[in-house]
>>> print(open('start_37.txt').read())   # compact mmCIF, C-alpha atoms and all ligand atoms
# COMPACT_ATOMS: atom_id res chain seq x y z
CA MET P 1 140.10 126.07 179.75
CA TYR P 2 139.61 125.01 176.10
CA LYS P 3 135.96 124.89 175.10
CA ILE P 4 134.89 122.87 172.06
CA PRO P 5 133.21 125.30 169.64
CA ASP P 6 129.67 124.97 168.38
CA ILE P 7 130.10 123.16 165.10
CA THR P 8 128.17 123.02 161.83
CA PHE P 9 128.57 120.30 159.19
CA ILE P 10 127.45 120.76 155.59
CA GLY P 11 126.64 117.25 154.38
CA GLY P 12 124.98 114.39 156.24
CA GLY P 13 126.44 111.26 154.65
CA ILE P 14 128.53 108.75 156.59
CA THR P 15 131.34 111.32 156.90
CA GLY P 16 129.20 114.10 158.36
CA LEU P 17 127.25 111.72 160.61
CA LEU P 18 130.30 110.02 162.15
CA SER P 19 132.07 113.35 162.61
CA ALA P 20 129.00 115.01 164.12
CA ARG P 21 128.66 112.11 166.56
CA LEU P 22 132.18 112.55 167.93
CA PHE P 23 131.69 116.26 168.54
CA SER P 24 128.31 115.67 170.10
CA GLU P 25 129.77 113.00 172.41
CA ALA P 26 132.37 115.56 173.51
CA GLY P 27 129.63 118.02 174.47
CA ALA P 28 129.68 120.38 171.48
CA LYS P 29 126.51 121.99 170.17
CA VAL P 30 126.22 120.39 166.71
CA THR P 31 124.24 121.34 163.60
CA LEU P 32 124.12 119.02 160.57
CA ILE P 33 122.71 120.43 157.33
CA ASP P 34 121.90 118.50 154.15
CA GLN P 35 120.52 119.64 150.82
CA GLY P 36 118.38 116.50 150.70
CA LEU P 37 117.53 113.95 153.35
CA ILE P 38 120.31 112.68 155.62
CA GLY P 39 122.23 109.69 154.22
CA GLN P 40 120.61 109.40 150.81
CA GLU P 41 123.56 110.00 148.48
CA SER P 42 126.81 108.05 148.02
CA SER P 43 126.60 106.67 151.53
CA TRP P 44 123.21 105.11 150.84
CA ALA P 45 124.33 103.76 147.46
CA GLY P 46 127.51 102.00 148.60
CA GLY P 47 128.24 98.41 149.50
CA GLY P 48 129.45 98.81 153.08
CA ILE P 49 132.50 96.55 152.77
CA LEU P 50 134.79 97.64 155.59
CA LEU P 51 137.96 97.12 153.58
CA PRO P 52 139.18 98.76 150.37
CA LEU P 53 139.31 96.57 147.29
CA TYR P 54 142.92 95.30 147.20
CA PRO P 55 144.21 97.77 149.84
CA TRP P 56 147.88 96.85 149.26
CA ARG P 57 147.59 98.35 145.75
CA GLN P 58 146.51 101.70 147.18
CA ALA P 59 148.18 104.56 149.02
CA GLY P 60 149.41 103.80 152.54
CA ALA P 61 147.45 106.81 153.84
CA ILE P 62 144.25 104.87 153.07
CA SER P 63 145.39 101.77 154.96
CA GLU P 64 146.29 103.88 157.98
CA LEU P 65 142.69 105.11 158.28
CA VAL P 66 141.20 101.71 157.42
CA SER P 67 143.25 99.75 159.94
CA ARG P 68 142.19 102.12 162.72
CA SER P 69 138.54 102.08 161.64
CA ILE P 70 138.25 98.28 161.46
CA GLY P 71 138.67 97.99 165.23
CA LEU P 72 136.01 100.64 165.94
CA TYR P 73 133.02 99.30 164.01
CA SER P 74 131.96 96.43 166.22
CA SER P 75 131.47 98.57 169.35
CA LEU P 76 130.01 101.46 167.32
CA SER P 77 127.45 99.10 165.90
CA GLU P 78 126.56 97.57 169.29
CA ASP P 79 126.25 101.02 170.81
CA LEU P 80 123.98 102.27 168.02
CA LEU P 81 121.73 99.22 168.29
CA ALA P 82 121.47 99.59 172.07
CA LYS P 83 120.72 103.33 171.88
CA THR P 84 118.41 103.46 168.86
CA GLY P 85 116.99 99.96 168.41
CA ILE P 86 118.08 100.13 164.74
CA ASP P 87 120.54 97.37 163.81
CA PRO P 88 123.32 98.56 161.44
CA GLU P 89 123.81 94.87 160.57
CA TYR P 90 127.54 94.92 161.18
CA CYS P 91 128.62 91.41 160.30
CA MET P 92 131.98 89.64 159.97
CA SER P 93 130.97 87.72 156.89
CA GLY P 94 134.59 87.50 155.68
CA LEU P 95 135.94 88.35 152.24
CA LEU P 96 137.15 85.85 149.66
CA MET P 97 139.43 87.33 147.02
CA THR P 98 139.88 85.11 143.96
CA GLU P 99 142.40 85.25 141.13
CA LEU P 100 145.07 87.31 142.89
CA ASP P 101 148.29 87.59 140.96
CA ASP P 102 149.94 89.60 143.74
CA SER P 103 149.09 87.40 146.71
CA THR P 104 152.57 87.86 148.21
CA ASP P 105 151.92 91.62 148.51
CA ALA P 106 148.45 90.86 149.85
CA LYS P 107 149.83 88.61 152.61
CA GLN P 108 152.46 91.15 153.57
CA TRP P 109 149.77 93.80 153.87
CA CYS P 110 147.64 91.51 156.04
CA LYS P 111 150.59 90.76 158.31
CA LYS P 112 151.42 94.46 158.67
CA TYR P 113 147.87 95.32 159.70
CA ASN P 114 147.16 92.14 161.71
CA ILE P 115 144.43 90.90 159.39
CA PRO P 116 144.12 87.08 159.57
CA TYR P 117 144.26 85.32 156.20
CA GLN P 118 144.29 81.80 154.82
CA ALA P 119 143.82 79.92 151.56
CA ALA P 120 140.26 79.35 150.34
CA THR P 121 138.51 76.50 152.20
CA ALA P 122 137.51 73.23 150.49
CA GLU P 123 133.86 74.29 150.68
CA GLN P 124 134.65 77.64 148.99
CA ILE P 125 136.65 75.94 146.23
CA LYS P 126 133.71 73.60 145.59
CA LEU P 127 131.43 76.62 145.11
CA TYR P 128 133.97 78.79 143.25
CA PRO P 129 136.50 76.58 141.43
CA GLN P 130 138.51 79.67 140.38
CA ALA P 131 139.44 80.09 144.07
CA LYS P 132 141.71 77.03 143.87
CA HIS P 133 144.83 79.02 143.00
CA ASN P 134 145.94 82.37 144.36
CA ALA P 135 142.80 83.08 146.35
CA LEU P 136 142.88 84.64 149.79
CA TRP P 137 140.23 84.19 152.46
CA LEU P 138 140.05 87.00 155.04
CA PRO P 139 137.58 85.62 157.60
CA THR P 140 137.41 88.69 159.86
CA ILE P 141 136.58 91.31 157.24
CA ALA P 142 133.20 92.81 158.01
CA GLN P 143 130.41 94.74 156.33
CA ALA P 144 127.66 97.09 157.50
CA ARG P 145 124.30 97.56 155.79
CA ASN P 146 124.52 101.15 154.60
CA PRO P 147 120.89 102.31 154.86
CA ARG P 148 120.55 100.79 158.34
CA LEU P 149 123.83 102.19 159.66
CA LEU P 150 122.90 105.65 158.36
CA LYS P 151 119.41 105.43 159.83
CA SER P 152 120.74 104.40 163.23
CA LEU P 153 123.39 107.16 163.18
CA LYS P 154 120.75 109.75 162.30
CA GLN P 155 118.45 108.51 165.07
CA ASP P 156 121.34 108.53 167.55
CA LEU P 157 122.15 112.15 166.67
CA ILE P 158 118.51 113.15 167.06
CA GLN P 159 118.45 111.52 170.50
CA ARG P 160 121.63 113.42 171.42
CA GLY P 161 119.97 116.71 170.52
CA VAL P 162 121.93 117.42 167.34
CA ASN P 163 120.16 120.03 165.24
CA ILE P 164 119.47 118.22 161.94
CA ILE P 165 118.30 120.38 159.05
CA GLU P 166 117.25 118.63 155.84
CA ASN P 167 116.33 119.91 152.38
CA CYS P 168 118.51 122.96 152.82
CA LYS P 169 121.16 123.63 150.18
CA ILE P 170 123.96 125.85 151.48
CA GLU P 171 125.10 128.29 148.81
CA HIS P 172 126.67 131.32 150.46
CA ALA P 173 129.14 132.20 153.20
CA THR P 174 129.93 135.50 154.85
CA ILE P 175 133.64 135.88 155.60
CA LYS P 176 134.87 138.59 157.98
CA ALA P 177 138.41 138.96 159.32
CA SER P 178 139.44 135.48 158.11
CA ARG P 179 136.44 133.79 159.71
CA ILE P 180 133.20 132.48 158.30
CA THR P 181 130.54 134.18 160.36
CA GLU P 182 127.44 132.90 158.58
CA ILE P 183 126.33 130.41 155.93
CA SER P 184 123.02 130.48 154.12
CA SER P 185 120.67 128.86 151.68
CA ASP P 186 118.21 130.91 149.67
CA LEU P 187 115.76 130.66 152.56
CA GLN P 188 117.73 130.32 155.78
CA ARG P 189 120.80 131.77 157.50
CA PHE P 190 122.97 130.04 160.09
CA PRO P 191 125.60 131.76 162.25
CA VAL P 192 128.70 129.57 162.58
CA GLN P 193 131.51 129.19 165.12
CA GLN P 194 133.25 126.25 163.43
CA LEU P 195 132.31 124.96 159.98
CA VAL P 196 133.11 121.60 158.36
CA ILE P 197 132.54 120.75 154.72
CA SER P 198 131.55 117.08 154.58
CA SER P 199 129.62 117.33 151.33
CA GLY P 200 130.99 114.27 149.52
CA ALA P 201 131.22 114.61 145.73
CA TRP P 202 129.85 118.19 145.96
CA SER P 203 132.60 119.40 148.31
CA ALA P 204 134.91 121.00 145.73
CA ASN P 205 132.09 122.91 144.03
CA LEU P 206 130.72 124.08 147.33
CA TRP P 207 134.20 125.13 148.49
CA GLN P 208 134.58 127.27 145.36
CA GLN P 209 131.11 128.70 145.76
CA LEU P 210 131.64 129.66 149.42
CA LEU P 211 135.24 130.88 149.21
CA LYS P 212 135.35 132.26 145.68
CA ASN P 213 138.94 133.48 145.14
CA HIS P 214 140.86 131.47 147.69
CA LEU P 215 143.76 129.69 146.05
CA ILE P 216 143.77 126.47 148.06
CA LYS P 217 141.06 124.11 146.94
CA PRO P 218 140.41 120.37 147.15
CA ASP P 219 140.32 118.33 143.94
CA ILE P 220 137.20 116.21 144.47
CA PHE P 221 135.01 115.00 141.63
CA PRO P 222 131.99 112.67 141.24
CA VAL P 223 132.59 109.06 140.20
CA LYS P 224 129.41 107.17 139.45
CA GLY P 225 128.96 103.61 140.73
CA GLN P 226 126.05 101.40 139.63
CA MET P 227 124.93 98.46 141.73
CA ILE P 228 122.21 95.77 141.66
CA ILE P 229 120.62 93.69 144.39
CA LEU P 230 119.42 90.11 143.90
CA ASP P 231 116.94 88.23 146.02
CA THR P 232 117.92 84.85 147.45
CA PRO P 233 116.85 83.00 150.62
CA ALA P 234 118.78 83.86 153.81
CA ASN P 235 122.21 82.20 154.17
CA THR P 236 122.38 81.18 150.51
CA LEU P 237 125.67 83.00 150.10
CA LYS P 238 127.79 83.34 153.23
CA GLU P 239 130.89 85.34 152.40
CA MET P 240 131.66 88.50 150.43
CA ILE P 241 133.52 87.67 147.23
CA LEU P 242 135.80 89.92 145.20
CA GLU P 243 136.92 88.96 141.74
CA LYS P 244 138.85 91.44 139.61
CA ASP P 245 136.77 94.67 139.57
CA HIS P 246 133.51 93.25 140.87
CA TYR P 247 132.12 91.85 144.08
CA LEU P 248 129.17 90.20 145.79
CA ILE P 249 127.97 91.17 149.27
CA PRO P 250 125.41 88.89 150.98
CA ARG P 251 123.17 90.65 153.52
CA LYS P 252 121.76 88.90 156.57
CA ASP P 253 118.31 88.44 155.01
CA GLY P 254 119.72 86.74 151.89
CA LYS P 255 119.73 89.71 149.54
CA VAL P 256 122.96 89.85 147.54
CA LEU P 257 124.46 93.11 146.31
CA CYS P 258 126.56 93.06 143.20
CA GLY P 259 128.79 95.98 142.32
CA SER P 260 129.98 98.15 140.87
CA SER P 261 130.78 100.33 137.89
CA VAL P 262 133.32 103.17 138.02
CA GLU P 263 132.27 105.98 135.64
CA GLN P 264 133.45 109.57 135.38
CA VAL P 265 130.38 111.22 133.88
CA GLY P 266 129.88 114.24 136.13
CA PHE P 267 126.86 114.69 138.40
CA ASP P 268 124.78 112.07 136.61
CA LYS P 269 123.09 109.30 138.61
CA SER P 270 121.23 107.64 135.76
CA VAL P 271 121.45 103.85 135.42
CA SER P 272 121.92 101.89 132.21
CA GLU P 273 120.57 98.58 131.00
CA ALA P 274 124.04 97.66 129.75
CA GLU P 275 125.61 98.00 133.20
CA LYS P 276 122.73 96.14 134.81
CA ASN P 277 123.34 93.20 132.47
CA ASN P 278 127.07 93.42 133.05
CA LEU P 279 126.61 93.14 136.83
CA ALA P 280 124.01 90.36 136.52
CA ASN P 281 126.33 88.37 134.22
CA PHE P 282 129.18 88.72 136.67
CA ALA P 283 127.00 87.47 139.55
CA GLN P 284 125.68 84.50 137.56
CA LYS P 285 129.10 83.53 136.25
CA LEU P 286 130.68 83.67 139.69
CA CYS P 287 127.90 81.73 141.47
CA PRO P 288 125.85 79.90 138.82
CA SER P 289 124.33 77.40 141.26
CA ILE P 290 123.06 80.19 143.55
CA LEU P 291 122.39 83.26 141.45
CA THR P 292 121.33 82.12 137.98
CA ASN P 293 117.61 82.50 138.63
CA ALA P 294 117.78 85.09 141.40
CA PRO P 295 115.59 88.09 140.54
CA ILE P 296 117.13 91.56 140.40
CA ILE P 297 115.01 93.62 142.75
CA HIS P 298 116.71 97.00 142.49
CA HIS P 299 119.32 98.80 140.39
CA TRP P 300 120.78 102.17 141.38
CA ALA P 301 123.73 104.52 141.15
CA GLY P 302 125.57 106.80 143.56
CA LEU P 303 128.26 109.46 143.21
CA ARG P 304 131.48 108.65 145.03
CA PRO P 305 133.56 111.65 146.14
CA GLY P 306 136.58 110.87 143.98
CA THR P 307 140.16 112.04 144.42
CA GLN P 308 143.07 111.08 142.18
CA SER P 309 144.68 108.81 144.77
CA GLY P 310 141.64 107.94 146.90
CA ILE P 311 143.14 109.81 149.86
CA PRO P 312 140.57 112.10 151.51
CA TYR P 313 141.07 115.72 152.52
CA ILE P 314 140.97 116.04 156.30
CA ASP P 315 142.35 119.40 157.27
CA LYS P 316 141.77 122.90 158.58
CA HIS P 317 141.91 125.78 156.15
CA PRO P 318 145.30 127.51 156.55
CA ASP P 319 143.83 131.04 156.37
CA ILE P 320 140.17 130.83 157.30
CA GLN P 321 140.43 130.04 160.96
CA ASN P 322 137.13 128.27 161.53
CA LEU P 323 136.82 126.20 158.37
CA ALA P 324 137.73 122.51 158.03
CA ILE P 325 137.07 119.73 155.55
CA ASN P 326 136.48 115.98 155.77
CA ALA P 327 135.71 114.86 152.22
CA GLY P 328 136.96 112.93 149.20
CA HIS P 329 136.85 109.38 150.58
CA PHE P 330 136.21 108.00 147.09
CA ARG P 331 135.59 104.22 147.27
CA ASN P 332 136.23 103.84 151.01
CA GLY P 333 134.09 106.26 152.99
CA PHE P 334 132.78 103.49 155.24
CA ALA P 335 136.07 101.64 155.54
CA MET P 336 137.90 104.87 156.53
CA GLY P 337 134.98 106.69 158.22
CA PRO P 338 135.50 106.31 161.99
CA ALA P 339 139.25 107.09 161.90
CA ALA P 340 138.73 109.96 159.44
CA ALA P 341 136.18 111.48 161.83
CA GLN P 342 138.59 111.03 164.75
CA LEU P 343 141.40 112.78 162.85
CA LEU P 344 139.12 115.71 162.05
CA TYR P 345 138.12 115.90 165.72
CA ASP P 346 141.75 115.79 166.86
CA LEU P 347 142.77 118.55 164.43
CA ILE P 348 139.95 120.90 165.37
CA THR P 349 140.30 120.34 169.11
CA HIS P 350 144.13 120.47 169.02
CA GLN P 351 144.58 116.90 170.27
CA LYS P 352 147.61 114.77 169.50
CA THR P 353 147.08 112.18 166.78
CA ASP P 354 149.18 109.12 166.02
CA LEU P 355 148.44 109.61 162.31
CA ASP P 356 150.63 111.62 159.95
CA SER P 357 147.99 114.30 159.34
CA SER P 358 150.09 115.91 156.57
CA LEU P 359 149.04 113.03 154.26
CA TYR P 360 145.44 114.31 154.30
CA ALA P 361 146.27 118.02 154.15
CA LEU P 362 144.76 120.39 151.60
CA ASP P 363 148.19 120.99 150.05
CA ALA P 364 149.24 117.29 150.00
CA THR P 365 149.17 115.17 146.85
CA HIS P 366 145.80 113.42 146.68
C1 LIG P 401 128.27 101.89 144.22
C2 LIG P 401 129.12 102.30 145.39
C3 LIG P 401 129.71 101.32 146.18
C4 LIG P 401 130.50 101.67 147.28
N1 LIG P 401 130.97 100.69 148.11
C5 LIG P 401 131.69 101.02 149.21
C6 LIG P 401 132.13 100.03 150.12
O1 LIG P 401 131.84 98.84 149.96
N2 LIG P 401 132.88 100.42 151.20
C7 LIG P 401 133.20 101.72 151.43
O2 LIG P 401 133.89 102.02 152.40
N3 LIG P 401 132.77 102.70 150.57
C8 LIG P 401 132.04 102.37 149.49
N4 LIG P 401 131.60 103.35 148.62
C9 LIG P 401 132.06 104.74 148.84
C10 LIG P 401 131.30 105.41 149.94
O3 LIG P 401 129.92 105.18 149.76
C11 LIG P 401 131.64 106.90 149.94
O4 LIG P 401 133.04 107.07 150.08
C12 LIG P 401 130.94 107.60 151.11
O5 LIG P 401 129.58 107.34 151.09
C13 LIG P 401 131.17 109.09 151.07
O6 LIG P 401 130.42 109.62 152.12
P1 LIG P 401 130.21 111.18 152.29
O7 LIG P 401 129.43 111.37 153.54
O8 LIG P 401 131.52 111.86 152.18
O9 LIG P 401 129.36 111.59 151.00
P2 LIG P 401 127.78 111.47 150.73
O10 LIG P 401 127.20 110.25 151.32
O11 LIG P 401 127.57 111.68 149.28
O12 LIG P 401 127.19 112.68 151.56
C14 LIG P 401 127.40 114.02 151.17
C15 LIG P 401 126.15 114.79 151.56
O13 LIG P 401 126.38 116.19 151.35
C16 LIG P 401 125.16 116.76 150.97
N5 LIG P 401 125.43 118.06 150.32
C17 LIG P 401 126.19 118.27 149.21
N6 LIG P 401 126.22 119.58 148.90
C18 LIG P 401 125.46 120.23 149.84
C19 LIG P 401 125.09 121.60 150.05
N7 LIG P 401 125.50 122.60 149.24
N8 LIG P 401 124.31 121.89 151.13
C20 LIG P 401 123.88 120.91 151.96
N9 LIG P 401 124.18 119.60 151.78
C21 LIG P 401 124.97 119.25 150.75
C22 LIG P 401 124.56 115.71 150.03
O14 LIG P 401 123.16 115.86 149.90
C23 LIG P 401 124.94 114.42 150.71
O15 LIG P 401 123.92 113.90 151.54
C24 LIG P 401 130.77 103.04 147.55
C25 LIG P 401 130.15 104.02 146.78
C26 LIG P 401 129.33 103.66 145.70
C27 LIG P 401 128.63 104.74 144.91
>>> encode(input="start_37.txt", output="structure tokens", more="lines below")
Ligand SMILES: Cc1cc2nc3c(=O)[nH]c(=O)nc-3n(C[C@H](O)[C@H](O)[C@H](O)COP(=O)(O)OP(=O)(O)OC[C@H]3O[C@@H](n4cnc5c(N)ncnc54)[C@H](O)[C@@H]3O)c2cc1C
Amino acid sequence: MYKIPDITFIGGGITGLLSARLFSEAGAKVTLIDQGLIGQESSWAGGGILLPLYPWRQAGAISELVSRSIGLYSSLSEDLLAKTGIDPEYCMSGLLMTELDDSTDAKQWCKKYNIPYQAATAEQIKLYPQAKHNALWLPTIAQARNPRLLKSLKQDLIQRGVNIIENCKIEHATIKASRITEISSDLQRFPVQQLVISSGAWSANLWQQLLKNHLIKPDIFPVKGQMIILDTPANTLKEMILEKDHYLIPRKDGKVLCGSSVEQVGFDKSVSEAEKNNLANFAQKLCPSILTNAPIIHHWAGLRPGTQSGIPYIDKHPDIQNLAINAGHFRNGFAMGPAAAQLLYDLITHQKTDLDSSLYALDATH
């Protein structure tokens, strides 16, 4: 009978956490290693919108993962709250997209993936006059509050007995007879049966470092995103709003996130005054009556795991038998997360999948 192998993940962001959870649920012995604390990198820094920005303008492979993930979040969130007492604040706040000049494509996409849509409501047009023409209101699009979702996932894994190792940077691998037998940091060694690289923006560098001369390698690079959060009373802003390249995300307690920049500057997480002002101006211009005097309470940056097309790498190494990857989710690690984890699980455990897994393969165009 097939036995699920003991499995080790390098990287404890949303990708590693969701993947580790599936294997743990199936009875595998799971180890999750992070060079810092769990869930403090890109996954912490993101907005948690559970839909790509303008998904119909992006590769179909992204929509396939997103459409499957959308249906999984509500029960995941309820389950995590029940098991851990930590509320991931999953919330169907809806998404209003203004100033669309390709709304016909948008509606076709919504129809294909069964996403309800309508024109902006009278109340929305009163608040945002630019929503009068060519806006689309998607009332069922949801969000999760990143830090809370990550915290509840981590707690859930601890309760399941997953071995979580923090502040441990993996730098070496021992490869014997086309298998990785051991990985190590400068201080610790870990024997491995099955290894998964889920190291976000660091995945390509780590891959090179561990495998050295292997020809196949993922093309993943860091893409900085800066974000601010404004303080307003609860229920001041109800829906998420997307206009051109920027968006607002209202949290349950009234805080409003405004994002985000897209900067290719390497592994640099510094923030700039210029981008802070840019984001604040966008927020105030979009919602002058609500956000003009709202204080900015935090400003930060995270490193998205970028790929050229935004399609992640979810695959097993063709030569090294016990190595797999789930990384490169770029701007949509939350929106694609549950289905990406499921695909990884199906590939490693030789299950059938209804996805075309070749789209996410190491040798596919990303
Ligand atoms: C500003 C911003 C806004 C965003 N908004 C959204 C959104 O609204 N919706 C959405 O779906 N996505 C959004 N994203 C994208 C999303 O956050 C990412 O796609 C997702 O977080 C990637 O998750 P990950 O687990 O792959 O990477 P990460 O969260 O970066 O996790 C990788 C982990 O690997 C660890 N690691 C790396 N190297 C090593 C090593 N050698 N040894 C041990 N550990 C290692 C790191 O410490 C890190 O914790 C946004 C991102 C940003 C920055």
>>> residues_near_ligand(input="start_37.txt", ligand="ligand LIG 401 (chain P)", cutoff="6 Å", atoms="all atoms listed in the file", output="number ranges by chain")
P: 10-16, 33-36, 38-43, 45-50, 168-171, 198-202, 206, 225-227, 260, 302-304, 327, 329-335
>>> residues_around(input="start_37.txt", residues="Ser357 (chain P)", least_positions_apart="5", cutoff="10 Å", atoms="all atoms listed in the file", output="short mmCIF file (atom, residue, chain, number, x, y, z; two decimals) with C-alpha atoms, in the frame of the given file")
data_model
loop_
_atom_site.label_atom_id
_atom_site.label_comp_id
_atom_site.auth_asym_id
_atom_site.auth_seq_id
_atom_site.Cartn_x
_atom_site.Cartn_y
_atom_site.Cartn_z
CA ALA P 61 147.45 106.81 153.84
CA TYR P 313 141.07 115.72 152.52
CA ILE P 314 140.97 116.04 156.30
CA ASP P 315 142.35 119.40 157.27
CA LEU P 343 141.40 112.78 162.85
CA LEU P 344 139.12 115.71 162.05
CA ASP P 346 141.75 115.79 166.86
CA LEU P 347 142.77 118.55 164.43
CA ALA P 364 149.24 117.29 150.00
#
>>> residues_around(input="start_37.txt", residues="Gly306 (chain P)", least_positions_apart="6", cutoff="6 Å", atoms="all atoms listed in the file", output="list of chain:residue names")
P:Ile220, P:Phe221, P:Pro222, P:Val223, P:Gly328, P:Phe330
>>> residues_around(input="start_37.txt", residues="Leu149 (chain P)", least_positions_apart="4", cutoff="8 Å", atoms="only C-alpha atoms", output="ChimeraX atom specification")
/P:77,86-89,144-145,153
>>> atom_distance(input="start_37.txt", atom1="CA of Trp44 (chain P)", atom2="CA of Arg251 (chain P)")
14.7 Å
>>> atom_distance(input="start_37.txt", atom1="CA of Gln58 (chain P)", atom2="CA of Pro218 (chain P)")
19.6 Å
>>> closest_residue(input="start_37.txt", among="P:Leu95, P:Ile348, P:Leu210, P:Leu195", to="Leu237 (chain P)", atoms="all atoms listed in the file")
P:Leu95
>>> residues_near_point(input="start_37.txt", point="(143.5, 128.0, 156.7)", cutoff="12 Å", atoms="only C-alpha atoms", output="MDAnalysis selection string")
chainID P and resid 178:180 211 214:217 315:325 348 361:363
>>> residues_near_point(input="start_37.txt", point="(131.4, 124.3, 167.7)", cutoff="8 Å", atoms="only C-alpha atoms", output="PyMOL selection string")
chain P and resi 4-8+28-30+192-195
>>> write_last_selection(input="start_37.txt", atoms="C-alpha atoms", output="PDB file, in the frame of the given file")
ATOM      1  CA  ILE P   4     134.890 122.870 172.060  1.00  0.00           C
ATOM      2  CA  PRO P   5     133.210 125.300 169.640  1.00  0.00           C
ATOM      3  CA  ASP P   6     129.670 124.970 168.380  1.00  0.00           C
ATOM      4  CA  ILE P   7     130.100 123.160 165.100  1.00  0.00           C
ATOM      5  CA  THR P   8     128.170 123.020 161.830  1.00  0.00           C
ATOM      6  CA  ALA P  28     129.680 120.380 171.480  1.00  0.00           C
ATOM      7  CA  LYS P  29     126.510 121.990 170.170  1.00  0.00           C
ATOM      8  CA  VAL P  30     126.220 120.390 166.710  1.00  0.00           C
ATOM      9  CA  VAL P 192     128.700 129.570 162.580  1.00  0.00           C
ATOM     10  CA  GLN P 193     131.510 129.190 165.120  1.00  0.00           C
ATOM     11  CA  GLN P 194     133.250 126.250 163.430  1.00  0.00           C
ATOM     12  CA  LEU P 195     132.310 124.960 159.980  1.00  0.00           C
TER      13      LEU P 195
END
>>> atom_distance(input="start_37.txt", atom1="CA of Tyr113 (chain P)", atom2="CA of Arg68 (chain P)")
9.4 Å
>>> residues_around(input="start_37.txt", residues="Glu99 (chain P)", least_positions_apart="5", cutoff="7 Å", atoms="all atoms listed in the file", output="list in words")
Gln130, Ala131, His133, Asn134, Ala135 and Glu243 of chain P
>>> axis_aligned_box(input="start_37.txt", around="region 43-46 of chain P", padding_each_side="8 Å", output="AutoDock Vina command-line options")
--center_x 125.4 --center_y 104.3 --center_z 149.5 --size_x 20.3 --size_y 20.7 --size_z 20.1
>>> build_atoms(input="start_37.txt", residues="region 317-328 of chain P", atoms="N, CA, C and O atoms", output="PDB file, keeping the file's coordinate frame")
ATOM      1  N   HIS P 317     141.472 124.801 157.142  1.00  0.00           N
ATOM      2  CA  HIS P 317     141.910 125.780 156.150  1.00  0.00           C
ATOM      3  C   HIS P 317     143.071 126.597 156.734  1.00  0.00           C
ATOM      4  O   HIS P 317     142.997 127.020 157.893  1.00  0.00           O
ATOM      5  N   PRO P 318     144.145 126.804 155.972  1.00  0.00           N
ATOM      6  CA  PRO P 318     145.300 127.510 156.550  1.00  0.00           C
ATOM      7  C   PRO P 318     145.027 128.979 156.868  1.00  0.00           C
ATOM      8  O   PRO P 318     145.669 129.540 157.755  1.00  0.00           O
ATOM      9  N   ASP P 319     144.080 129.600 156.164  1.00  0.00           N
ATOM     10  CA  ASP P 319     143.830 131.040 156.370  1.00  0.00           C
ATOM     11  C   ASP P 319     142.500 131.304 157.081  1.00  0.00           C
ATOM     12  O   ASP P 319     142.418 132.188 157.941  1.00  0.00           O
ATOM     13  N   ILE P 320     141.479 130.584 156.676  1.00  0.00           N
ATOM     14  CA  ILE P 320     140.170 130.830 157.300  1.00  0.00           C
ATOM     15  C   ILE P 320     140.099 130.002 158.575  1.00  0.00           C
ATOM     16  O   ILE P 320     140.046 128.767 158.542  1.00  0.00           O
ATOM     17  N   GLN P 321     140.133 130.700 159.689  1.00  0.00           N
ATOM     18  CA  GLN P 321     140.430 130.040 160.960  1.00  0.00           C
ATOM     19  C   GLN P 321     139.406 128.997 161.395  1.00  0.00           C
ATOM     20  O   GLN P 321     139.740 128.074 162.121  1.00  0.00           O
ATOM     21  N   ASN P 322     138.156 129.182 161.000  1.00  0.00           N
ATOM     22  CA  ASN P 322     137.130 128.270 161.530  1.00  0.00           C
ATOM     23  C   ASN P 322     136.528 127.370 160.459  1.00  0.00           C
ATOM     24  O   ASN P 322     135.387 126.954 160.560  1.00  0.00           O
ATOM     25  N   LEU P 323     137.322 127.068 159.432  1.00  0.00           N
ATOM     26  CA  LEU P 323     136.820 126.200 158.370  1.00  0.00           C
ATOM     27  C   LEU P 323     137.685 124.936 158.295  1.00  0.00           C
ATOM     28  O   LEU P 323     138.917 125.007 158.326  1.00  0.00           O
ATOM     29  N   ALA P 324     137.013 123.784 158.195  1.00  0.00           N
ATOM     30  CA  ALA P 324     137.730 122.510 158.030  1.00  0.00           C
ATOM     31  C   ALA P 324     136.999 121.669 156.997  1.00  0.00           C
ATOM     32  O   ALA P 324     135.871 121.985 156.590  1.00  0.00           O
ATOM     33  N   ILE P 325     137.668 120.605 156.569  1.00  0.00           N
ATOM     34  CA  ILE P 325     137.070 119.730 155.550  1.00  0.00           C
ATOM     35  C   ILE P 325     137.315 118.272 155.935  1.00  0.00           C
ATOM     36  O   ILE P 325     138.370 117.927 156.486  1.00  0.00           O
ATOM     37  N   ASN P 326     136.333 117.431 155.669  1.00  0.00           N
ATOM     38  CA  ASN P 326     136.480 115.980 155.770  1.00  0.00           C
ATOM     39  C   ASN P 326     135.710 115.433 154.568  1.00  0.00           C
ATOM     40  O   ASN P 326     134.504 115.211 154.636  1.00  0.00           O
ATOM     41  N   ALA P 327     136.402 115.236 153.457  1.00  0.00           N
ATOM     42  CA  ALA P 327     135.710 114.860 152.220  1.00  0.00           C
ATOM     43  C   ALA P 327     136.685 114.247 151.219  1.00  0.00           C
ATOM     44  O   ALA P 327     137.897 114.434 151.338  1.00  0.00           O
ATOM     45  N   GLY P 328     136.134 113.515 150.253  1.00  0.00           N
ATOM     46  CA  GLY P 328     136.960 112.930 149.200  1.00  0.00           C
ATOM     47  C   GLY P 328     137.383 111.496 149.522  1.00  0.00           C
ATOM     48  O   GLY P 328     138.487 111.081 149.177  1.00  0.00           O
TER      49      GLY P 328
END
